[in-house]
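Colleague: This is run01.cif (mmCIF, C-alpha atoms, pLDDT in the B column; chains and numbers go by the auth columns).
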data_entry
loop_
_atom_site.group_PDB
_atom_site.id
_atom_site.type_symbol
_atom_site.label_atom_id
_atom_site.label_comp_id
_atom_site.label_asym_id
_atom_site.label_seq_id
_atom_site.Cartn_x
_atom_site.Cartn_y
_atom_site.Cartn_z
_atom_site.B_iso_or_equiv
_atom_site.auth_seq_id
_atom_site.auth_asym_id
ATOM 1 C CA MET A 1 -8.988 16.656 23.081 93.00 1 A
ATOM 2 C CA LYS A 2 -12.583 16.170 21.965 96.00 2 A
ATOM 3 C CA LEU A 3 -14.204 16.987 18.638 97.00 3 A
ATOM 4 C CA GLU A 4 -17.967 17.464 18.398 96.00 4 A
ATOM 5 C CA LEU A 5 -20.146 18.111 15.368 95.00 5 A
ATOM 6 C CA ASP A 6 -23.679 19.134 16.243 95.00 6 A
ATOM 7 C CA ASN A 7 -26.985 20.267 14.739 93.00 7 A
ATOM 8 C CA VAL A 8 -25.961 19.435 11.169 94.00 8 A
ATOM 9 C CA GLU A 9 -28.407 19.847 8.329 94.00 9 A
ATOM 10 C CA LEU A 10 -27.151 19.241 4.783 95.00 10 A
ATOM 11 C CA ASN A 11 -29.178 19.552 1.597 93.00 11 A
ATOM 12 C CA TYR A 12 -28.200 19.273 -2.065 89.00 12 A
ATOM 13 C CA GLY A 13 -30.878 21.245 -3.839 87.00 13 A
ATOM 14 C CA ASP A 14 -34.219 19.845 -2.728 87.00 14 A
ATOM 15 C CA LYS A 15 -32.631 16.588 -1.506 89.00 15 A
ATOM 16 C CA SER A 16 -31.992 16.240 2.225 92.00 16 A
ATOM 17 C CA ILE A 17 -28.739 14.350 2.952 93.00 17 A
ATOM 18 C CA LEU A 18 -28.146 14.784 6.700 94.00 18 A
ATOM 19 C CA LYS A 19 -30.508 16.046 9.367 93.00 19 A
ATOM 20 C CA SER A 20 -30.128 16.779 13.108 92.00 20 A
ATOM 21 C CA VAL A 21 -26.717 15.109 13.202 94.00 21 A
ATOM 22 C CA TYR A 22 -24.512 14.823 16.281 96.00 22 A
ATOM 23 C CA PHE A 23 -21.076 13.214 16.085 96.00 23 A
ATOM 24 C CA SER A 24 -18.108 13.116 18.456 97.00 24 A
ATOM 25 C CA ALA A 25 -14.578 11.731 18.559 97.00 25 A
ATOM 26 C CA GLU A 26 -11.784 11.987 21.096 96.00 26 A
ATOM 27 C CA LYS A 27 -8.028 11.698 21.237 95.00 27 A
ATOM 28 C CA ASN A 28 -6.772 8.162 21.849 94.00 28 A
ATOM 29 C CA GLU A 29 -9.661 6.535 20.013 96.00 29 A
ATOM 30 C CA ILE A 30 -10.447 5.423 16.491 97.00 30 A
ATOM 31 C CA VAL A 31 -14.016 6.125 15.421 98.00 31 A
ATOM 32 C CA GLY A 32 -15.394 4.016 12.563 97.00 32 A
ATOM 33 C CA VAL A 33 -18.152 5.389 10.329 96.00 33 A
ATOM 34 C CA PHE A 34 -20.348 3.069 8.254 94.00 34 A
ATOM 35 C CA GLY A 35 -23.017 3.712 5.669 91.00 35 A
ATOM 36 C CA ARG A 36 -24.147 2.652 2.231 88.00 36 A
ATOM 37 C CA ASN A 37 -23.049 4.555 -0.879 86.00 37 A
ATOM 38 C CA GLY A 38 -24.872 7.859 -0.981 85.00 38 A
ATOM 39 C CA SER A 39 -25.807 7.778 2.697 86.00 39 A
ATOM 40 C CA GLY A 40 -23.771 10.893 3.484 90.00 40 A
ATOM 41 C CA LYS A 41 -20.737 9.474 5.299 93.00 41 A
ATOM 42 C CA THR A 42 -18.234 11.197 2.979 94.00 42 A
ATOM 43 C CA SER A 43 -20.246 14.405 3.325 95.00 43 A
ATOM 44 C CA LEU A 44 -19.958 14.023 7.097 96.00 44 A
ATOM 45 C CA LEU A 45 -16.151 13.919 6.875 97.00 45 A
ATOM 46 C CA GLU A 46 -16.095 16.848 4.454 96.00 46 A
ATOM 47 C CA ILE A 47 -18.288 18.920 6.774 96.00 47 A
ATOM 48 C CA ILE A 48 -15.869 18.289 9.633 97.00 48 A
ATOM 49 C CA PHE A 49 -12.913 19.152 7.406 97.00 49 A
ATOM 50 C CA GLY A 50 -14.635 22.266 6.101 95.00 50 A
ATOM 51 C CA SER A 51 -14.771 21.590 2.355 95.00 51 A
ATOM 52 C CA VAL A 52 -18.577 21.164 2.446 94.00 52 A
ATOM 53 C CA SER A 53 -20.751 23.861 4.010 91.00 53 A
ATOM 54 C CA PRO A 54 -24.108 22.589 5.270 91.00 54 A
ATOM 55 C CA LYS A 55 -27.144 24.736 6.007 90.00 55 A
ATOM 56 C CA TYR A 56 -26.481 24.389 9.730 92.00 56 A
ATOM 57 C CA LYS A 57 -23.595 23.053 11.798 93.00 57 A
ATOM 58 C CA LEU A 58 -21.758 23.608 15.053 94.00 58 A
ATOM 59 C CA ILE A 59 -18.206 22.348 15.550 96.00 59 A
ATOM 60 C CA ARG A 60 -16.684 22.310 19.009 96.00 60 A
ATOM 61 C CA ILE A 61 -13.165 21.454 20.161 96.00 61 A
ATOM 62 C CA ASN A 62 -13.029 20.778 23.899 95.00 62 A
ATOM 63 C CA LYS A 63 -16.521 22.325 24.164 94.00 63 A
ATOM 64 C CA LYS A 64 -15.428 25.602 22.526 95.00 64 A
ATOM 65 C CA PRO A 65 -17.246 26.549 19.278 95.00 65 A
ATOM 66 C CA ILE A 66 -14.961 26.863 16.239 94.00 66 A
ATOM 67 C CA GLN A 67 -16.018 29.591 13.829 91.00 67 A
ATOM 68 C CA LYS A 68 -13.387 28.960 11.128 92.00 68 A
ATOM 69 C CA LYS A 69 -13.470 26.073 8.691 94.00 69 A
ATOM 70 C CA LEU A 70 -11.485 23.410 10.498 95.00 70 A
ATOM 71 C CA TYR A 71 -8.856 23.009 7.761 94.00 71 A
ATOM 72 C CA LYS A 72 -7.975 26.689 8.230 94.00 72 A
ATOM 73 C CA THR A 73 -7.032 26.054 11.878 93.00 73 A
ATOM 74 C CA GLY A 74 -4.219 23.613 11.044 92.00 74 A
ATOM 75 C CA TRP A 75 -5.753 20.966 13.311 94.00 75 A
ATOM 76 C CA VAL A 76 -7.077 18.540 10.694 97.00 76 A
ATOM 77 C CA SER A 77 -5.849 16.408 7.797 97.00 77 A
ATOM 78 C CA TYR A 78 -8.180 14.664 5.356 97.00 78 A
ATOM 79 C CA LEU A 79 -7.507 11.590 3.234 97.00 79 A
ATOM 80 C CA PRO A 80 -10.071 11.866 0.419 96.00 80 A
ATOM 81 C CA GLN A 81 -11.083 8.982 -1.833 93.00 81 A
ATOM 82 C CA TYR A 82 -9.235 10.570 -4.770 92.00 82 A
ATOM 83 C CA HIS A 83 -5.448 10.923 -5.130 92.00 83 A
ATOM 84 C CA PHE A 84 -4.065 14.236 -3.947 92.00 84 A
ATOM 85 C CA ILE A 85 -0.260 14.195 -4.004 91.00 85 A
ATOM 86 C CA PRO A 86 1.585 16.009 -6.850 89.00 86 A
ATOM 87 C CA THR A 87 2.663 13.125 -9.094 88.00 87 A
ATOM 88 C CA HIS A 88 5.098 15.260 -11.122 91.00 88 A
ATOM 89 C CA LEU A 89 7.435 15.400 -8.108 93.00 89 A
ATOM 90 C CA ARG A 90 9.953 12.781 -7.031 94.00 90 A
ATOM 91 C CA LEU A 91 8.832 10.726 -4.056 95.00 91 A
ATOM 92 C CA LYS A 92 11.665 11.821 -1.791 93.00 92 A
ATOM 93 C CA THR A 93 10.831 15.438 -2.615 94.00 93 A
ATOM 94 C CA ILE A 94 7.171 14.880 -1.731 95.00 94 A
ATOM 95 C CA PHE A 95 8.148 13.549 1.684 96.00 95 A
ATOM 96 C CA SER A 96 10.406 16.556 2.192 95.00 96 A
ATOM 97 C CA VAL A 97 7.590 18.960 1.249 93.00 97 A
ATOM 98 C CA TYR A 98 5.305 17.296 3.803 93.00 98 A
ATOM 99 C CA HIS A 99 8.111 17.203 6.425 95.00 99 A
ATOM 100 C CA ILE A 100 7.797 13.426 6.738 96.00 100 A
ATOM 101 C CA SER A 101 10.802 11.104 7.029 96.00 101 A
ATOM 102 C CA TRP A 102 11.384 9.064 3.871 96.00 102 A
ATOM 103 C CA LYS A 103 13.836 6.871 5.809 95.00 103 A
ATOM 104 C CA LYS A 104 11.218 5.870 8.372 96.00 104 A
ATOM 105 C CA PHE A 105 8.683 5.254 5.620 97.00 105 A
ATOM 106 C CA ILE A 106 10.854 2.708 3.811 96.00 106 A
ATOM 107 C CA GLN A 107 11.645 0.994 7.102 95.00 107 A
ATOM 108 C CA THR A 108 7.964 0.031 7.188 95.00 108 A
ATOM 109 C CA PHE A 109 7.347 -0.283 3.434 96.00 109 A
ATOM 110 C CA GLU A 110 10.674 -1.700 2.229 95.00 110 A
ATOM 111 C CA ASP A 111 9.500 -2.301 -1.341 94.00 111 A
ATOM 112 C CA PHE A 112 9.277 1.457 -1.913 96.00 112 A
ATOM 113 C CA ALA A 113 13.028 2.015 -1.474 95.00 113 A
ATOM 114 C CA ILE A 114 13.563 1.585 -5.223 96.00 114 A
ATOM 115 C CA TYR A 115 11.284 4.585 -5.893 95.00 115 A
ATOM 116 C CA GLU A 116 13.304 7.134 -3.915 91.00 116 A
ATOM 117 C CA ASN A 117 14.389 9.117 -6.970 93.00 117 A
ATOM 118 C CA GLU A 118 11.351 8.294 -9.097 95.00 118 A
ATOM 119 C CA LYS A 119 8.363 10.510 -9.748 95.00 119 A
ATOM 120 C CA ALA A 120 5.098 9.455 -8.163 93.00 120 A
ATOM 121 C CA THR A 121 3.689 8.717 -11.626 94.00 121 A
ATOM 122 C CA VAL A 122 5.543 5.358 -11.613 95.00 122 A
ATOM 123 C CA LEU A 123 3.429 4.090 -8.712 94.00 123 A
ATOM 124 C CA SER A 124 0.339 1.964 -9.108 93.00 124 A
ATOM 125 C CA GLY A 125 -2.935 3.241 -7.684 93.00 125 A
ATOM 126 C CA GLY A 126 -2.530 1.064 -4.597 94.00 126 A
ATOM 127 C CA GLU A 127 1.070 2.152 -4.037 95.00 127 A
ATOM 128 C CA LEU A 128 0.081 5.799 -4.387 95.00 128 A
ATOM 129 C CA ARG A 129 -2.644 5.233 -1.805 96.00 129 A
ATOM 130 C CA ILE A 130 -0.129 3.835 0.678 97.00 130 A
ATOM 131 C CA VAL A 131 2.049 6.939 0.299 97.00 131 A
ATOM 132 C CA GLU A 132 -0.940 9.240 0.784 97.00 132 A
ATOM 133 C CA ILE A 133 -2.136 7.387 3.890 97.00 133 A
ATOM 134 C CA TYR A 134 1.335 7.566 5.406 97.00 134 A
ATOM 135 C CA LEU A 135 1.647 11.296 4.733 97.00 135 A
ATOM 136 C CA VAL A 136 -1.696 11.956 6.424 97.00 136 A
ATOM 137 C CA LEU A 137 -1.044 9.652 9.379 97.00 137 A
ATOM 138 C CA PHE A 138 2.289 11.251 10.189 96.00 138 A
ATOM 139 C CA SER A 139 1.246 14.844 9.631 95.00 139 A
ATOM 140 C CA LYS A 140 1.452 17.184 12.619 93.00 140 A
ATOM 141 C CA THR A 141 -2.297 17.711 12.748 95.00 141 A
ATOM 142 C CA LYS A 142 -4.308 16.385 15.688 96.00 142 A
ATOM 143 C CA ILE A 143 -7.448 15.270 13.809 97.00 143 A
ATOM 144 C CA LEU A 144 -7.280 12.710 10.972 98.00 144 A
ATOM 145 C CA LEU A 145 -10.213 11.962 8.662 98.00 145 A
ATOM 146 C CA LEU A 146 -9.613 8.834 6.576 98.00 146 A
ATOM 147 C CA ASP A 147 -12.037 8.114 3.725 97.00 147 A
ATOM 148 C CA GLU A 148 -11.600 4.637 2.173 95.00 148 A
ATOM 149 C CA PRO A 149 -7.948 4.182 3.219 95.00 149 A
ATOM 150 C CA PHE A 150 -7.912 0.443 2.448 94.00 150 A
ATOM 151 C CA SER A 151 -9.229 0.605 -1.128 89.00 151 A
ATOM 152 C CA ASN A 152 -7.020 -1.007 -3.811 89.00 152 A
ATOM 153 C CA ILE A 153 -4.396 -2.070 -1.269 93.00 153 A
ATOM 154 C CA ALA A 154 -3.010 -5.604 -0.894 91.00 154 A
ATOM 155 C CA PRO A 155 -4.024 -7.455 2.320 92.00 155 A
ATOM 156 C CA LEU A 156 -0.449 -7.574 3.656 91.00 156 A
ATOM 157 C CA GLN A 157 -0.136 -3.813 3.292 94.00 157 A
ATOM 158 C CA ILE A 158 -3.537 -3.293 4.908 95.00 158 A
ATOM 159 C CA GLU A 159 -2.202 -5.073 7.999 95.00 159 A
ATOM 160 C CA LYS A 160 0.705 -2.640 8.177 95.00 160 A
ATOM 161 C CA ILE A 161 -1.572 0.360 7.732 96.00 161 A
ATOM 162 C CA ARG A 162 -3.919 -0.878 10.439 96.00 162 A
ATOM 163 C CA GLU A 163 -0.996 -1.090 12.850 96.00 163 A
ATOM 164 C CA LEU A 164 0.161 2.426 11.930 96.00 164 A
ATOM 165 C CA ILE A 165 -3.336 3.792 12.511 97.00 165 A
ATOM 166 C CA LYS A 166 -3.482 2.146 15.940 96.00 166 A
ATOM 167 C CA GLU A 167 -0.062 3.545 16.823 95.00 167 A
ATOM 168 C CA GLN A 168 -1.153 7.088 15.958 95.00 168 A
ATOM 169 C CA LYS A 169 -4.381 7.100 17.974 94.00 169 A
ATOM 170 C CA SER A 170 -2.583 7.889 21.241 93.00 170 A
ATOM 171 C CA GLN A 171 -1.629 11.267 19.767 91.00 171 A
ATOM 172 C CA LYS A 172 -4.604 12.051 17.535 96.00 172 A
ATOM 173 C CA ILE A 173 -8.339 11.890 16.942 97.00 173 A
ATOM 174 C CA ILE A 174 -8.880 9.413 14.098 98.00 174 A
ATOM 175 C CA VAL A 175 -12.110 9.013 12.135 98.00 175 A
ATOM 176 C CA ILE A 176 -12.198 6.283 9.498 98.00 176 A
ATOM 177 C CA SER A 177 -14.752 5.199 6.905 96.00 177 A
ATOM 178 C CA ASP A 178 -14.256 2.233 4.584 94.00 178 A
ATOM 179 C CA HIS A 179 -16.311 -0.517 2.921 91.00 179 A
ATOM 180 C CA PHE A 180 -13.690 -2.993 4.154 91.00 180 A
ATOM 181 C CA TYR A 181 -15.785 -3.195 7.297 91.00 181 A
ATOM 182 C CA HIS A 182 -13.812 -6.039 8.921 93.00 182 A
ATOM 183 C CA ASP A 183 -10.686 -3.875 8.927 95.00 183 A
ATOM 184 C CA VAL A 184 -12.570 -0.899 10.361 95.00 184 A
ATOM 185 C CA LEU A 185 -14.209 -3.035 13.056 95.00 185 A
ATOM 186 C CA ALA A 186 -10.856 -4.572 13.983 94.00 186 A
ATOM 187 C CA ILE A 187 -9.268 -1.243 14.940 96.00 187 A
ATOM 188 C CA SER A 188 -12.193 0.987 15.986 96.00 188 A
ATOM 189 C CA ASP A 189 -12.986 1.929 19.576 96.00 189 A
ATOM 190 C CA ARG A 190 -16.414 3.388 18.749 96.00 190 A
ATOM 191 C CA LEU A 191 -18.736 3.040 15.774 96.00 191 A
ATOM 192 C CA TYR A 192 -21.242 5.279 14.006 96.00 192 A
ATOM 193 C CA MET A 193 -23.810 4.419 11.363 94.00 193 A
ATOM 194 C CA VAL A 194 -25.088 6.884 8.742 94.00 194 A
ATOM 195 C CA ASN A 195 -28.547 5.855 7.628 90.00 195 A
ATOM 196 C CA GLU A 196 -31.722 7.646 6.518 89.00 196 A
ATOM 197 C CA LYS A 197 -30.172 11.110 7.039 90.00 197 A
ATOM 198 C CA ARG A 198 -29.231 10.323 10.631 92.00 198 A
ATOM 199 C CA VAL A 199 -25.947 9.510 12.359 93.00 199 A
ATOM 200 C CA PHE A 200 -26.071 7.303 15.426 90.00 200 A
ATOM 201 C CA GLU A 201 -23.765 5.151 17.502 93.00 201 A
ATOM 202 C CA ILE A 202 -23.787 1.377 17.161 90.00 202 A
ATOM 203 C CA GLU A 203 -22.061 -1.319 19.180 87.00 203 A
ATOM 204 C CA ASN A 204 -21.011 -4.130 16.871 85.00 204 A
ATOM 205 C CA GLN A 205 -21.258 -5.977 13.552 86.00 205 A
ATOM 206 C CA LYS A 206 -24.679 -7.380 14.475 86.00 206 A
ATOM 207 C CA GLU A 207 -26.108 -3.854 14.487 86.00 207 A
ATOM 208 C CA LEU A 208 -24.681 -3.282 10.993 86.00 208 A
ATOM 209 C CA LYS A 209 -26.915 -6.149 9.877 83.00 209 A
ATOM 210 C CA ASN A 210 -29.887 -4.828 11.821 81.00 210 A
ATOM 211 C CA HIS A 211 -29.613 -1.505 9.994 77.00 211 A
ATOM 212 C CA GLY A 212 -29.323 -3.170 6.586 78.00 212 A
ATOM 213 C CA TYR A 213 -25.652 -2.348 5.980 82.00 213 A
ATOM 214 C CA LEU A 214 -24.760 -6.046 5.877 78.00 214 A
ATOM 215 C CA LEU A 215 -26.885 -8.918 4.617 67.00 215 A
#
Before anything else, please render the file you have as structure tokens.
Modeller:
Amino acid sequence: MKLELDNVELNYGDKSILKSVYFSAEKNEIVGVFGRNGSGKTSLLEIIFGSVSPKYKLIRINKKPIQKKLYKTGWVSYLPQYHFIPTHLRLKTIFSVYHISWKKFIQTFEDFAIYENEKATVLSGGELRIVEIYLVLFSKTKILLLDEPFSNIAPLQIEKIRELIKEQKSQKIIVISDHFYHDVLAISDRLYMVNEKRVFEIENQKELKNHGYLL
């Protein structure tokens, strides 16, 4: 399965954000996306998902143009930077609603077992993020867009999440953007840089420095 985004032009008012963009990602690979704040990398993910409508775009799956917004096809899940799960529900209920196994979750994240009958409001921001990442990773969709998945999460838990992401890539297309660039580099098969309205492939950390992303 191959996802392609082509001929993208995005403007906010008179300000040009993205121009003449091409982007691709395939099943069995993790694609890392880098860019400074305000460069347009979150907009890129939102355009793919379908929550942002640019002036121009063409989305193809296996070379076939997709006319619907991608989220309406049931093929894509998006982890936004903000929290999205309903915190008034008990955690076990949330997992049931998303058709995800609570039992398997606590086998990986044992510390969460005490929250089984608690509402999500008892979780810290980092704990809530772990739950959200897990729900997205184990959804039935074939395309995963992860925006800042490692933010506010303890290093030990980041290691677990990295392993889960790598495990899922054999079944899914995974696109990930995060300022924790070492963690993105460690698991990515291909890399893109968003800079000066353009999106282009890069090879390694040295090129991040060349493009001014790293000092």
Colleague: I need the residue set behind the PyMOL selection byres ((chain A and resi 183-186) around 8) for this file; please write it as a list in words.
Modeller: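 Those residues are Gly32, Arg162, Ile176, Ser177, Asp178, Phe180, Tyr181, His182, Ile187, Ser188, Asn204 and Gln205 of chain A.
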Colleague: List as an MDAnalysis selection string the protein and nucleic acid residues near Lys169 in chain A, meaning an atom at most 6 Å away when only C-alpha atoms are counted, but skip any in the same chain fewer than 3 places from it.
Modeller: chainID A and resid 28:29 166 172
Colleague: I need every residue sitting at most 7 Å from the point (7.8, 11.6, -8.9) (coordinates as in the file, only C-alpha atoms considered), written as a PyMOL selection string.
Modeller: chain A and resi 87-91+118-121
Colleague: Using the chain letters and numbers from the file, which residues does the PyMOL selection byres ((chain A and resi 170) around 12) grab, as a PyMOL selection string?
Modeller: chain A and resi 1+26-30+142-143+164-169+171-174
Colleague: Please tabulate, as a Markdown table, the residues of range 7-98 of chain A that come within 12 Å of range 133-137 of chain A, each with its closest pair of atoms and the distance in Å to one decimal, counting all atoms listed in the file and ordering rows by chain, then residue number upward.
Modeller:
| residue | atom | partner | partner_atom | distance |
| --- | --- | --- | --- | --- |
| A:Val76 | CA | A:Val136 | CA | 9.5 |
| A:Ser77 | CA | A:Val136 | CA | 6.2 |
| A:Tyr78 | CA | A:Val136 | CA | 7.1 |
| A:Leu79 | CA | A:Val136 | CA | 6.6 |
| A:Pro80 | CA | A:Ile133 | CA | 9.8 |
| A:Gln81 | CA | A:Ile133 | CA | 10.7 |
| A:Tyr82 | CA | A:Ile133 | CA | 11.6 |
| A:His83 | CA | A:Ile133 | CA | 10.2 |
| A:Phe84 | CA | A:Ile133 | CA | 10.6 |
| A:Ile85 | CA | A:Leu135 | CA | 9.4 |
| A:Leu91 | CA | A:Leu135 | CA | 11.4 |
| A:Lys92 | CA | A:Leu135 | CA | 12.0 |
| A:Ile94 | CA | A:Leu135 | CA | 9.2 |
| A:Phe95 | CA | A:Leu135 | CA | 7.5 |
| A:Ser96 | CA | A:Leu135 | CA | 10.5 |
| A:Val97 | CA | A:Leu135 | CA | 10.3 |
| A:Tyr98 | CA | A:Leu135 | CA | 7.1 |
Colleague: Measuring atom to atom with only C-alpha atoms, identify which of A:Asn37, A:Ser43, A:Ser51, A:Gln67 is nearest to Ser16 in chain A.
Modeller: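 Counting only C-alpha atoms, the residue closest to Ser16 in chain A is A:Ser43.
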Colleague: With only C-alpha atoms as the atoms that count, which of A:Tyr22, A:Lys2, A:Tyr213, A:Phe150 lies nearest to Glu127 in chain A?
Modeller: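 When distances to Glu127 in chain A are compared using only C-alpha atoms, the smallest one comes from A:Phe150.
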Colleague: Tell me, in Å to one decimal, how far CA of Val131 in chain A is from CA of Leu144 in chain A.
Modeller: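 Result for CA of Val131 in chain A versus CA of Leu144 in chain A: 15.3 Å, one decimal.
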Colleague: Taking only C-alpha atoms into account, which of A:Ala25, A:Ile17, A:Ile48, A:Ala154 comes nearest Asn195 in chain A?
Modeller: A:Ile17
Colleague: What is the distance between CA of Lys160 in chain A and CA of Phe109 in chain A, in Å to one decimal?
Modeller: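 CA of Phe109 in chain A lies 8.5 Å from CA of Lys160 in chain A.
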Colleague: Give me the box for range 130-145 of chain A as lines of an AutoDock Vina configuration file, namely the centre and edge lengths in Å to one decimal of a box along x, y and z that holds every listed atom plus 6 Å on each side.
Modeller:
center_x = -4.0
center_y = 10.8
center_z = 8.0
size_x = 24.5
size_y = 25.9
size_z = 27.4
Colleague: Tell me which of A:Leu123, A:Gln107, A:Glu9, A:Gly50 sits closest to Gly74 in chain A, counting all atoms listed in the file.
Modeller: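 Closest to Gly74 in chain A of all the choices is A:Gly50.
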Colleague: Run the PyMOL selection byres ((chain A and resi 194) around 9) on the file and write out the hits as a list of chain:residue names.
Modeller: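 That expression, the PyMOL selection byres ((chain A and resi 194) around 9), corresponds here to A:Leu18, A:Val33, A:Phe34, A:Gly35, A:Arg36, A:Ser39, A:Gly40, A:Lys41, A:Leu44, A:Tyr192, A:Met193, A:Asn195, A:Glu196, A:Lys197, A:Arg198, A:Val199, A:Phe200.
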Colleague: One decimal, in Å: what's the spacing between CA of Trp75 in chain A and CA of Asn7 in chain A?
Modeller: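 Computed distance, CA of Trp75 in chain A to CA of Asn7 in chain A, equals 21.3 Å.
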Colleague: Would you please work out which residue, of A:Ile66, A:Leu214, A:Leu45, A:Val8, is nearest to Val175 in chain A when using all atoms listed in the file?
Modeller: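 Of the candidates, the smallest distance to Val175 in chain A is held by A:Leu45.
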Colleague: Given the block above, output range 64-78 of chain A with N, CA, C and O atoms as a PDB file, in the first residue's frame.
Modeller:
ATOM      1  N   LYS A  64      -4.227   5.434  -7.207  1.00  0.00           N
ATOM      2  CA  LYS A  64      -5.606   5.808  -7.526  1.00  0.00           C
ATOM      3  C   LYS A  64      -5.996   7.076  -6.763  1.00  0.00           C
ATOM      4  O   LYS A  64      -5.880   7.115  -5.536  1.00  0.00           O
ATOM      5  N   PRO A  65      -6.454   8.118  -7.456  1.00  0.00           N
ATOM      6  CA  PRO A  65      -6.859   9.360  -6.773  1.00  0.00           C
ATOM      7  C   PRO A  65      -8.019   9.105  -5.804  1.00  0.00           C
ATOM      8  O   PRO A  65      -8.950   8.356  -6.115  1.00  0.00           O
ATOM      9  N   ILE A  66      -7.945   9.744  -4.638  1.00  0.00           N
ATOM     10  CA  ILE A  66      -8.988   9.634  -3.619  1.00  0.00           C
ATOM     11  C   ILE A  66      -9.718  10.966  -3.558  1.00  0.00           C
ATOM     12  O   ILE A  66      -9.118  12.007  -3.243  1.00  0.00           O
ATOM     13  N   GLN A  67     -11.010  10.947  -3.849  1.00  0.00           N
ATOM     14  CA  GLN A  67     -11.782  12.180  -3.897  1.00  0.00           C
ATOM     15  C   GLN A  67     -12.301  12.591  -2.524  1.00  0.00           C
ATOM     16  O   GLN A  67     -12.454  13.782  -2.235  1.00  0.00           O
ATOM     17  N   LYS A  68     -12.602  11.609  -1.657  1.00  0.00           N
ATOM     18  CA  LYS A  68     -13.102  11.911  -0.320  1.00  0.00           C
ATOM     19  C   LYS A  68     -11.978  12.411   0.579  1.00  0.00           C
ATOM     20  O   LYS A  68     -10.799  12.154   0.333  1.00  0.00           O
ATOM     21  N   LYS A  69     -12.349  13.117   1.646  1.00  0.00           N
ATOM     22  CA  LYS A  69     -11.385  13.375   2.712  1.00  0.00           C
ATOM     23  C   LYS A  69     -10.972  12.025   3.287  1.00  0.00           C
ATOM     24  O   LYS A  69     -11.810  11.147   3.501  1.00  0.00           O
ATOM     25  N   LEU A  70      -9.692  11.855   3.549  1.00  0.00           N
ATOM     26  CA  LEU A  70      -9.189  10.525   3.873  1.00  0.00           C
ATOM     27  C   LEU A  70      -9.825   9.956   5.143  1.00  0.00           C
ATOM     28  O   LEU A  70     -10.053   8.744   5.247  1.00  0.00           O
ATOM     29  N   TYR A  71     -10.124  10.817   6.131  1.00  0.00           N
ATOM     30  CA  TYR A  71     -10.719  10.296   7.361  1.00  0.00           C
ATOM     31  C   TYR A  71     -12.116   9.715   7.126  1.00  0.00           C
ATOM     32  O   TYR A  71     -12.597   8.901   7.921  1.00  0.00           O
ATOM     33  N   LYS A  72     -12.759  10.097   6.028  1.00  0.00           N
ATOM     34  CA  LYS A  72     -14.079   9.562   5.712  1.00  0.00           C
ATOM     35  C   LYS A  72     -14.008   8.177   5.064  1.00  0.00           C
ATOM     36  O   LYS A  72     -15.027   7.502   4.920  1.00  0.00           O
ATOM     37  N   THR A  73     -12.814   7.742   4.688  1.00  0.00           N
ATOM     38  CA  THR A  73     -12.643   6.431   4.057  1.00  0.00           C
ATOM     39  C   THR A  73     -12.447   5.322   5.079  1.00  0.00           C
ATOM     40  O   THR A  73     -12.560   4.141   4.741  1.00  0.00           O
ATOM     41  N   GLY A  74     -12.113   5.700   6.326  1.00  0.00           N
ATOM     42  CA  GLY A  74     -11.830   4.690   7.355  1.00  0.00           C
ATOM     43  C   GLY A  74     -10.431   4.113   7.273  1.00  0.00           C
ATOM     44  O   GLY A  74     -10.112   3.144   7.968  1.00  0.00           O
ATOM     45  N   TRP A  75      -9.567   4.714   6.459  1.00  0.00           N
ATOM     46  CA  TRP A  75      -8.210   4.201   6.282  1.00  0.00           C
ATOM     47  C   TRP A  75      -7.182   4.849   7.203  1.00  0.00           C
ATOM     48  O   TRP A  75      -6.057   4.354   7.302  1.00  0.00           O
ATOM     49  N   VAL A  76      -7.518   5.960   7.837  1.00  0.00           N
ATOM     50  CA  VAL A  76      -6.501   6.750   8.533  1.00  0.00           C
ATOM     51  C   VAL A  76      -6.904   7.071   9.959  1.00  0.00           C
ATOM     52  O   VAL A  76      -8.080   7.284  10.256  1.00  0.00           O
ATOM     53  N   SER A  77      -5.906   7.078  10.850  1.00  0.00           N
ATOM     54  CA  SER A  77      -6.072   7.572  12.220  1.00  0.00           C
ATOM     55  C   SER A  77      -5.021   8.646  12.471  1.00  0.00           C
ATOM     56  O   SER A  77      -3.884   8.539  11.988  1.00  0.00           O
ATOM     57  N   TYR A  78      -5.405   9.659  13.236  1.00  0.00           N
ATOM     58  CA  TYR A  78      -4.530  10.811  13.469  1.00  0.00           C
ATOM     59  C   TYR A  78      -4.373  11.043  14.962  1.00  0.00           C
ATOM     60  O   TYR A  78      -5.367  11.135  15.689  1.00  0.00           O
TER      61      TYR A  78
END
